[in-house]
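Structure first, commentary second.
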Number of protein chains: 2
Amino acid sequence: MSFLDRFRACSAPPLDSFRPFIVSGQTVGWIGDAFARRLAAFPGTFSVREAGIELSPRLSTFAARTAAVEEALRELAANGVIRGWRDEVYRVAPRWGATALLNIERAAVPLFGIQACGIHVNGFVRDGDGIRMWLARRSPTKSLDPGKLDQIVAGGQPADLSLADNIVKEADEEAGMPADLARRAVPVGAITYAMLRPEGLRRDVVFIYDLELPADFVPRPTDGEVESFHLWPLDRVRDTARDTEEFKFNCSLVAIHFLVRHGVITPEEPDYLDIQAAFLR
Amino acid sequence: MSFLDRFRACSAPPLDSFRPFIVSGQTVGWIGDAFARRLAAFPGTFSVREAGIELSPRLSTFAARTAAVEEALRELAANGVIRGWRDEVYRVAPRWGATALLNIERAAVPLFGIQACGIHVNGFVRDGDGIRMWLARRSPTKSLDPGKLDQIVAGGQPADLSLADNIVKEADEEAGMPADLARRAVPVGAITYAMLRPEGLRRDVVFIYDLELPADFVPRPTDGEVESFHLWPLDRVRDTARDTEEFKFNCSLVAIHFLVRHGVITPEEPDYLDIQAAFLR
């Protein structure tokens, strides 16, 4: 297997099997036929046509859009169409950096095919001339990707937190990390991908951070999401990311991004350029 | 001005104004009409047609191709069609990582629109919590990009050197840097671009390295290519790369790549994703 196989595993079906979700004249998501039929039950909020699903233009403010969509989604959740309600909202915008048009319940984001943001932190330790990386083994009871390898800290991006504050929150919840340590995480780039998953169409932006940790810091599972933490040398991270499916699908990409930036994957790798071209799609 | 302006300055004309240069059935370059007419004077070596310029299939080995092309190019140099003969050869391959089909004189590479490789090294110093970067000011007498800002060490990639050995050579020639220090440079990624330049069609792969330097190391101009070296704080590097054309065209991209990887350009930058998508084109 190759590094590129990890990127191929995160490649979307053609979007032409979806219909655009249009808010205020801008495409912000992609909706499949089954969910579109469900939205047709709310004609005052969603206009469902062959060409696309449009949020009613009468909903002209951020607050009005957010409230009307939430009302419809709560009914769909009550009917079992939306599962795993999180009571956490994500921003909806045509692209990263654009003004949000509304907020939407996290559990519904993949059903609308809305771009979602998250943060992943590479926690590492320098010893001698080498680097070792802290990895989390996800709990075997998690609904998504149980038992897979993950970054030491990672999470979705709620609408009401800054990226930096979200890192502090997730670092505390997932790894028992003090805030002053988590705040040392440095943004180092991003990856994007789109793929079909059990939860729907994921169109994700993952903001990647590097966090050099002191040798005496040991993360500890605190919220039950992580089974155990492991400190691996980078050649083991490389071999595992390249040759196995032990990493959660997107966590392998974040690890590969780290390996390129830290000289473990070198220009002598024949796929060197293709790997980097695959970071943003 | 914006970071993206630097990438727009390195964007190619549509390749349909060029004809493919085909070696052993594979496209390895793109040739303009004027140079194609010159190559028609060597019908035993080049088959010049509307659909493309093909190297004679009778030249079936690496050595035969290299010798026949060199013979034609030396005549074109004697006639003044090729200027600035370097007596340094570059590898010719359909893509990075593929086996070379021939070697070709460096001065002819942009005329054939062949992909060329180079190395650029970000030399930096950590002081306290901050980073400062060493930059070179190119000599005012250089034929290309005189007086522009450059990385501390940079150069084209000759066919007969490894990337690491080329860094050692360039570090010695350009900055008076000892080999043991230059060997600490870490590969951290690559950028690619294609653009029309005075010398022809540049299709470049730049392999980027980071080199943390001791605080007491001071580079010195040794071969006359560099006028002076300067140690700049990263906010000045950022502002200069974003708001001016002081950097040599490709050196601004290498500096921006560094600023993304070291948390100076952050996700709060609205063009954060577009900048990274522009690294490889």
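Following the order of the structure tokens, chains are lettered A, B, ..., residues in each are numbered from 1, and ligands are numbered from 1.
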
Please provide chain B as a CSV table (one decimal) with C-alpha atoms, in the first residue's frame, once it has been superposed on chain A by least squares across all sequentially paired Cα atoms.
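Output file result32.csv follows:
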```
chain,number,residue,atom,x,y,z
B,1,MET,CA,0.0,0.0,0.0
B,2,SER,CA,1.0,3.6,-0.4
B,3,PHE,CA,0.4,7.0,1.2
B,4,LEU,CA,-1.8,7.9,-1.7
B,5,ASP,CA,-4.1,5.0,-0.8
B,6,ARG,CA,-5.0,6.9,2.3
B,7,PHE,CA,-6.1,9.9,0.2
B,8,ARG,CA,-8.0,7.7,-2.2
B,9,ALA,CA,-10.0,6.3,0.7
B,10,CYS,CA,-11.2,9.9,1.4
B,11,SER,CA,-12.4,10.7,-2.1
B,12,ALA,CA,-15.9,11.8,-2.8
B,13,PRO,CA,-18.5,10.4,-5.1
B,14,PRO,CA,-19.2,12.8,-8.0
B,15,LEU,CA,-21.3,15.6,-6.6
B,16,ASP,CA,-23.7,15.2,-9.5
B,17,SER,CA,-25.6,12.6,-7.5
B,18,PHE,CA,-26.4,15.4,-5.1
B,19,ARG,CA,-28.4,18.6,-5.4
B,20,PRO,CA,-27.0,21.9,-4.3
B,21,PHE,CA,-28.3,23.4,-1.1
B,22,ILE,CA,-28.7,27.1,-1.7
B,23,VAL,CA,-28.9,29.8,0.9
B,24,SER,CA,-29.1,33.5,0.0
B,25,GLY,CA,-28.1,32.7,-3.6
B,26,GLN,CA,-25.0,30.7,-2.6
B,27,THR,CA,-24.3,27.0,-2.7
B,28,VAL,CA,-23.4,25.9,0.8
B,29,GLY,CA,-24.0,22.1,0.6
B,30,TRP,CA,-25.0,19.1,-1.4
B,31,ILE,CA,-28.1,17.0,-0.5
B,32,GLY,CA,-29.0,13.4,-1.6
B,33,ASP,CA,-32.4,12.5,-2.8
B,34,ALA,CA,-33.6,10.6,0.3
B,35,PHE,CA,-33.0,13.6,2.6
B,36,ALA,CA,-34.3,16.0,0.0
B,37,ARG,CA,-37.7,14.1,0.1
B,38,ARG,CA,-37.7,14.6,3.9
B,39,LEU,CA,-37.1,18.3,3.6
B,40,ALA,CA,-40.1,18.6,1.2
B,41,ALA,CA,-42.3,18.2,4.3
B,42,PHE,CA,-41.3,21.8,5.3
B,43,PRO,CA,-42.3,23.9,2.3
B,44,GLY,CA,-42.2,27.1,4.3
B,45,THR,CA,-38.5,26.6,5.0
B,46,PHE,CA,-37.2,24.5,2.1
B,47,SER,CA,-38.0,24.8,-1.6
B,48,VAL,CA,-37.2,21.3,-2.9
B,49,ARG,CA,-36.7,21.2,-6.7
B,50,GLU,CA,-34.8,19.0,-9.2
B,51,ALA,CA,-32.3,21.8,-9.7
B,52,GLY,CA,-31.6,22.2,-6.0
B,53,ILE,CA,-32.9,22.7,-2.5
B,54,GLU,CA,-33.2,26.4,-1.6
B,55,LEU,CA,-33.7,27.9,1.9
B,56,SER,CA,-36.7,30.2,1.7
B,57,PRO,CA,-35.5,33.7,0.7
B,58,ARG,CA,-38.1,35.1,3.1
B,59,LEU,CA,-35.7,33.9,5.9
B,60,SER,CA,-33.5,37.0,5.3
B,61,THR,CA,-31.4,37.1,8.5
B,62,PHE,CA,-28.9,34.8,10.2
B,63,ALA,CA,-31.3,34.5,13.2
B,64,ALA,CA,-34.4,33.7,11.1
B,65,ARG,CA,-32.6,31.1,9.0
B,66,THR,CA,-31.0,29.4,12.1
B,67,ALA,CA,-34.4,29.3,13.9
B,68,ALA,CA,-36.4,28.0,11.0
B,69,VAL,CA,-33.9,25.2,10.1
B,70,GLU,CA,-33.6,24.2,13.7
B,71,GLU,CA,-37.4,23.8,14.0
B,72,ALA,CA,-37.5,21.6,11.0
B,73,LEU,CA,-34.5,19.5,12.1
B,74,ARG,CA,-35.9,19.0,15.6
B,75,GLU,CA,-39.0,17.4,14.0
B,76,LEU,CA,-36.9,15.2,11.7
B,77,ALA,CA,-34.9,14.2,14.8
B,78,ALA,CA,-38.1,13.3,16.6
B,79,ASN,CA,-39.0,11.2,13.6
B,80,GLY,CA,-35.7,9.4,13.7
B,81,VAL,CA,-34.5,10.9,10.4
B,82,ILE,CA,-31.6,12.7,12.2
B,83,ARG,CA,-29.8,10.6,14.8
B,84,GLY,CA,-27.3,11.5,17.4
B,85,TRP,CA,-28.4,15.1,18.1
B,86,ARG,CA,-25.4,16.9,19.7
B,87,ASP,CA,-26.9,20.2,20.8
B,88,GLU,CA,-23.8,21.8,19.2
B,89,VAL,CA,-24.1,24.1,16.2
B,90,TYR,CA,-21.7,24.5,13.2
B,91,ARG,CA,-21.3,27.6,11.0
B,92,VAL,CA,-22.8,27.4,7.5
B,93,ALA,CA,-20.9,29.5,4.9
B,94,PRO,CA,-20.1,29.1,1.2
B,95,ARG,CA,-16.4,28.7,2.0
B,96,TRP,CA,-13.9,29.1,4.9
B,97,GLY,CA,-13.3,32.8,5.5
B,98,ALA,CA,-16.8,33.8,4.3
B,99,THR,CA,-19.5,35.2,6.7
B,100,ALA,CA,-21.8,32.6,8.2
B,101,LEU,CA,-25.3,32.6,6.8
B,102,LEU,CA,-26.8,30.5,9.6
B,103,ASN,CA,-25.8,27.9,12.2
B,104,ILE,CA,-26.9,24.4,12.0
B,105,GLU,CA,-27.0,21.4,14.4
B,106,ARG,CA,-23.9,19.3,14.0
B,107,ALA,CA,-25.7,16.0,13.5
B,108,ALA,CA,-27.4,17.4,10.4
B,109,VAL,CA,-24.2,18.7,8.7
B,110,PRO,CA,-23.4,15.6,6.7
B,111,LEU,CA,-27.0,15.2,5.6
B,112,PHE,CA,-26.8,18.7,4.1
B,113,GLY,CA,-23.3,18.1,2.8
B,114,ILE,CA,-22.2,21.3,4.4
B,115,GLN,CA,-18.5,22.0,4.7
B,116,ALA,CA,-17.4,21.4,8.4
B,117,CYS,CA,-14.3,22.5,10.1
B,118,GLY,CA,-12.2,20.7,12.7
B,119,ILE,CA,-8.9,20.9,14.5
B,120,HIS,CA,-6.3,18.2,14.8
B,121,VAL,CA,-3.2,18.6,16.9
B,122,ASN,CA,0.0,16.6,16.3
B,123,GLY,CA,1.5,16.2,19.8
B,124,PHE,CA,5.1,15.3,19.7
B,125,VAL,CA,8.3,15.1,21.8
B,126,ARG,CA,11.8,15.7,20.7
B,127,ASP,CA,14.4,13.4,22.2
B,128,GLY,CA,18.0,13.6,21.0
B,129,ASP,CA,17.8,14.2,17.3
B,130,GLY,CA,14.5,12.3,16.9
B,131,ILE,CA,10.8,13.0,17.3
B,132,ARG,CA,8.2,10.8,18.8
B,133,MET,CA,4.5,11.4,18.3
B,134,TRP,CA,1.7,10.9,20.8
B,135,LEU,CA,-1.3,9.0,19.3
B,136,ALA,CA,-4.7,8.2,20.8
B,137,ARG,CA,-6.4,4.9,20.4
B,138,ARG,CA,-10.2,5.6,20.1
B,139,SER,CA,-12.5,3.8,22.5
B,140,PRO,CA,-13.9,0.5,21.2
B,141,THR,CA,-17.4,1.8,22.1
B,142,LYS,CA,-17.3,4.9,19.9
B,143,SER,CA,-20.0,4.9,17.2
B,144,LEU,CA,-17.6,6.1,14.5
B,145,ASP,CA,-14.2,4.5,13.9
B,146,PRO,CA,-14.0,2.6,17.2
B,147,GLY,CA,-10.5,1.4,18.0
B,148,LYS,CA,-8.7,3.4,15.3
B,149,LEU,CA,-5.7,5.6,15.9
B,150,ASP,CA,-6.3,9.3,16.3
B,151,GLN,CA,-4.3,12.5,17.0
B,152,ILE,CA,-3.7,13.3,20.7
B,153,VAL,CA,-6.3,16.1,20.4
B,154,ALA,CA,-8.9,16.5,17.7
B,155,GLY,CA,-12.5,17.7,17.3
B,156,GLY,CA,-15.1,19.4,15.3
B,157,GLN,CA,-15.3,23.2,15.3
B,158,PRO,CA,-18.4,24.6,17.1
B,159,ALA,CA,-19.8,27.9,15.8
B,160,ASP,CA,-19.2,29.8,19.1
B,161,LEU,CA,-15.6,29.1,19.8
B,162,SER,CA,-12.3,30.3,18.3
B,163,LEU,CA,-10.1,27.6,16.9
B,164,ALA,CA,-7.6,28.3,19.7
B,165,ASP,CA,-10.2,28.0,22.4
B,166,ASN,CA,-11.6,24.8,20.8
B,167,ILE,CA,-8.1,23.3,21.0
B,168,VAL,CA,-7.9,24.2,24.7
B,169,LYS,CA,-11.4,22.6,25.3
B,170,GLU,CA,-10.6,19.4,23.4
B,171,ALA,CA,-7.2,19.1,24.9
B,172,ASP,CA,-8.7,19.2,28.4
B,173,GLU,CA,-11.6,16.9,27.6
B,174,GLU,CA,-9.7,14.3,25.6
B,175,ALA,CA,-6.2,14.2,27.0
B,176,GLY,CA,-6.3,16.0,30.4
B,177,MET,CA,-3.9,18.6,29.0
B,178,PRO,CA,-3.5,22.0,30.9
B,179,ALA,CA,-4.7,25.1,29.0
B,180,ASP,CA,-1.3,26.8,29.1
B,181,LEU,CA,0.3,23.8,27.4
B,182,ALA,CA,-2.5,23.5,24.8
B,183,ARG,CA,-2.1,27.2,23.9
B,184,ARG,CA,1.4,26.5,22.6
B,185,ALA,CA,-0.1,24.6,19.6
B,186,VAL,CA,1.0,26.2,16.3
B,187,PRO,CA,-1.1,26.3,13.2
B,188,VAL,CA,0.8,24.6,10.4
B,189,GLY,CA,-1.6,24.1,7.5
B,190,ALA,CA,-4.8,22.4,6.5
B,191,ILE,CA,-6.2,19.5,4.6
B,192,THR,CA,-9.6,19.2,2.9
B,193,TYR,CA,-11.5,16.3,1.5
B,194,ALA,CA,-15.0,15.1,0.6
B,195,MET,CA,-16.3,11.6,1.1
B,196,LEU,CA,-19.4,9.5,1.7
B,197,ARG,CA,-19.5,8.1,5.2
B,198,PRO,CA,-22.1,6.3,7.3
B,199,GLU,CA,-23.2,9.7,8.6
B,200,GLY,CA,-23.6,11.3,5.2
B,201,LEU,CA,-21.5,13.4,2.8
B,202,ARG,CA,-18.5,14.7,4.7
B,203,ARG,CA,-16.9,17.9,3.3
B,204,ASP,CA,-14.3,18.7,5.8
B,205,VAL,CA,-11.6,21.3,6.4
B,206,VAL,CA,-9.1,20.1,9.0
B,207,PHE,CA,-6.9,22.8,10.5
B,208,ILE,CA,-3.6,21.1,11.6
B,209,TYR,CA,-1.5,22.2,14.6
B,210,ASP,CA,1.8,21.0,15.9
B,211,LEU,CA,2.4,21.0,19.6
B,212,GLU,CA,5.8,20.2,21.0
B,213,LEU,CA,5.2,18.6,24.4
B,214,PRO,CA,7.7,18.3,27.3
B,215,ALA,CA,9.1,14.9,27.8
B,216,ASP,CA,7.4,14.5,31.2
B,217,PHE,CA,3.9,15.2,30.0
B,218,VAL,CA,1.8,12.1,29.7
B,219,PRO,CA,-1.8,12.5,28.3
B,220,ARG,CA,-4.5,10.6,30.1
B,221,PRO,CA,-8.0,9.6,28.8
B,222,THR,CA,-10.6,11.6,30.6
B,223,ASP,CA,-13.9,11.6,28.8
B,224,GLY,CA,-14.1,8.0,27.7
B,225,GLU,CA,-13.6,8.7,24.0
B,226,VAL,CA,-10.0,7.5,24.1
B,227,GLU,CA,-8.9,4.1,25.3
B,228,SER,CA,-5.2,4.7,25.6
B,229,PHE,CA,-2.4,7.0,24.5
B,230,HIS,CA,0.9,5.8,22.8
B,231,LEU,CA,4.2,7.5,22.1
B,232,TRP,CA,5.5,6.2,18.8
B,233,PRO,CA,8.7,6.8,16.9
B,234,LEU,CA,8.0,8.5,13.5
B,235,ASP,CA,9.1,5.5,11.4
B,236,ARG,CA,6.4,3.5,13.1
B,237,VAL,CA,3.9,6.3,12.4
B,238,ARG,CA,5.1,6.4,8.8
B,239,ASP,CA,4.8,2.6,8.3
B,240,THR,CA,1.4,2.4,10.0
B,241,ALA,CA,0.0,5.3,8.0
B,242,ARG,CA,1.3,3.9,4.7
B,243,ASP,CA,0.7,0.2,5.1
B,244,THR,CA,-2.3,-0.2,7.3
B,245,GLU,CA,-5.8,1.1,8.0
B,246,GLU,CA,-5.2,1.5,11.7
B,247,PHE,CA,-5.6,5.2,11.6
B,248,LYS,CA,-9.0,6.8,11.5
B,249,PHE,CA,-9.5,7.8,7.8
B,250,ASN,CA,-8.7,11.5,8.2
B,251,CYS,CA,-6.1,11.1,11.0
B,252,SER,CA,-3.8,9.2,8.6
B,253,LEU,CA,-3.8,12.3,6.3
B,254,VAL,CA,-2.9,14.6,9.2
B,255,ALA,CA,-0.1,12.3,10.2
B,256,ILE,CA,1.2,12.2,6.6
B,257,HIS,CA,1.1,16.0,6.5
B,258,PHE,CA,3.3,16.0,9.6
B,259,LEU,CA,5.7,13.4,8.1
B,260,VAL,CA,6.2,15.6,5.0
B,261,ARG,CA,6.8,18.8,7.1
B,262,HIS,CA,9.3,17.1,9.3
B,263,GLY,CA,11.4,15.4,6.7
B,264,VAL,CA,10.3,11.8,7.3
B,265,ILE,CA,8.7,11.6,3.9
B,266,THR,CA,11.4,13.0,1.6
B,267,PRO,CA,11.6,14.2,-2.0
B,268,GLU,CA,13.1,10.7,-2.8
B,269,GLU,CA,9.5,9.3,-2.3
B,270,PRO,CA,8.2,8.9,-5.9
B,271,ASP,CA,4.7,10.2,-4.8
B,272,TYR,CA,6.2,13.2,-3.0
B,273,LEU,CA,4.4,15.8,-5.2
B,274,ASP,CA,1.2,13.8,-5.6
B,275,ILE,CA,0.9,13.4,-1.8
B,276,GLN,CA,1.1,17.2,-1.3
B,277,ALA,CA,-1.3,17.9,-4.1
B,278,ALA,CA,-3.8,15.6,-2.4
B,279,PHE,CA,-3.8,17.7,0.9
B,280,LEU,CA,-6.3,20.1,-0.6
B,281,ARG,CA,-9.0,18.9,-2.9
```

DSSP strand (DSSP E) residues within stretch 117-219 of chain B, listed as an NGL selection string: :B and (117-127 or 130-138 or 149-151 or 153-156 or 186-197 or 200-212)

Stretch 66-207 of chain A: residues DSSP assigns to helix (DSSP H, G or I), reported as JSON, numbers by chain: {"A": [66, 67, 68, 69, 70, 71, 72, 73, 74, 75, 76, 77, 78, 106, 107, 108, 109, 110, 111, 112, 163, 164, 165, 166, 167, 168, 169, 170, 171, 172, 173, 174, 175, 179, 180, 181, 182]}
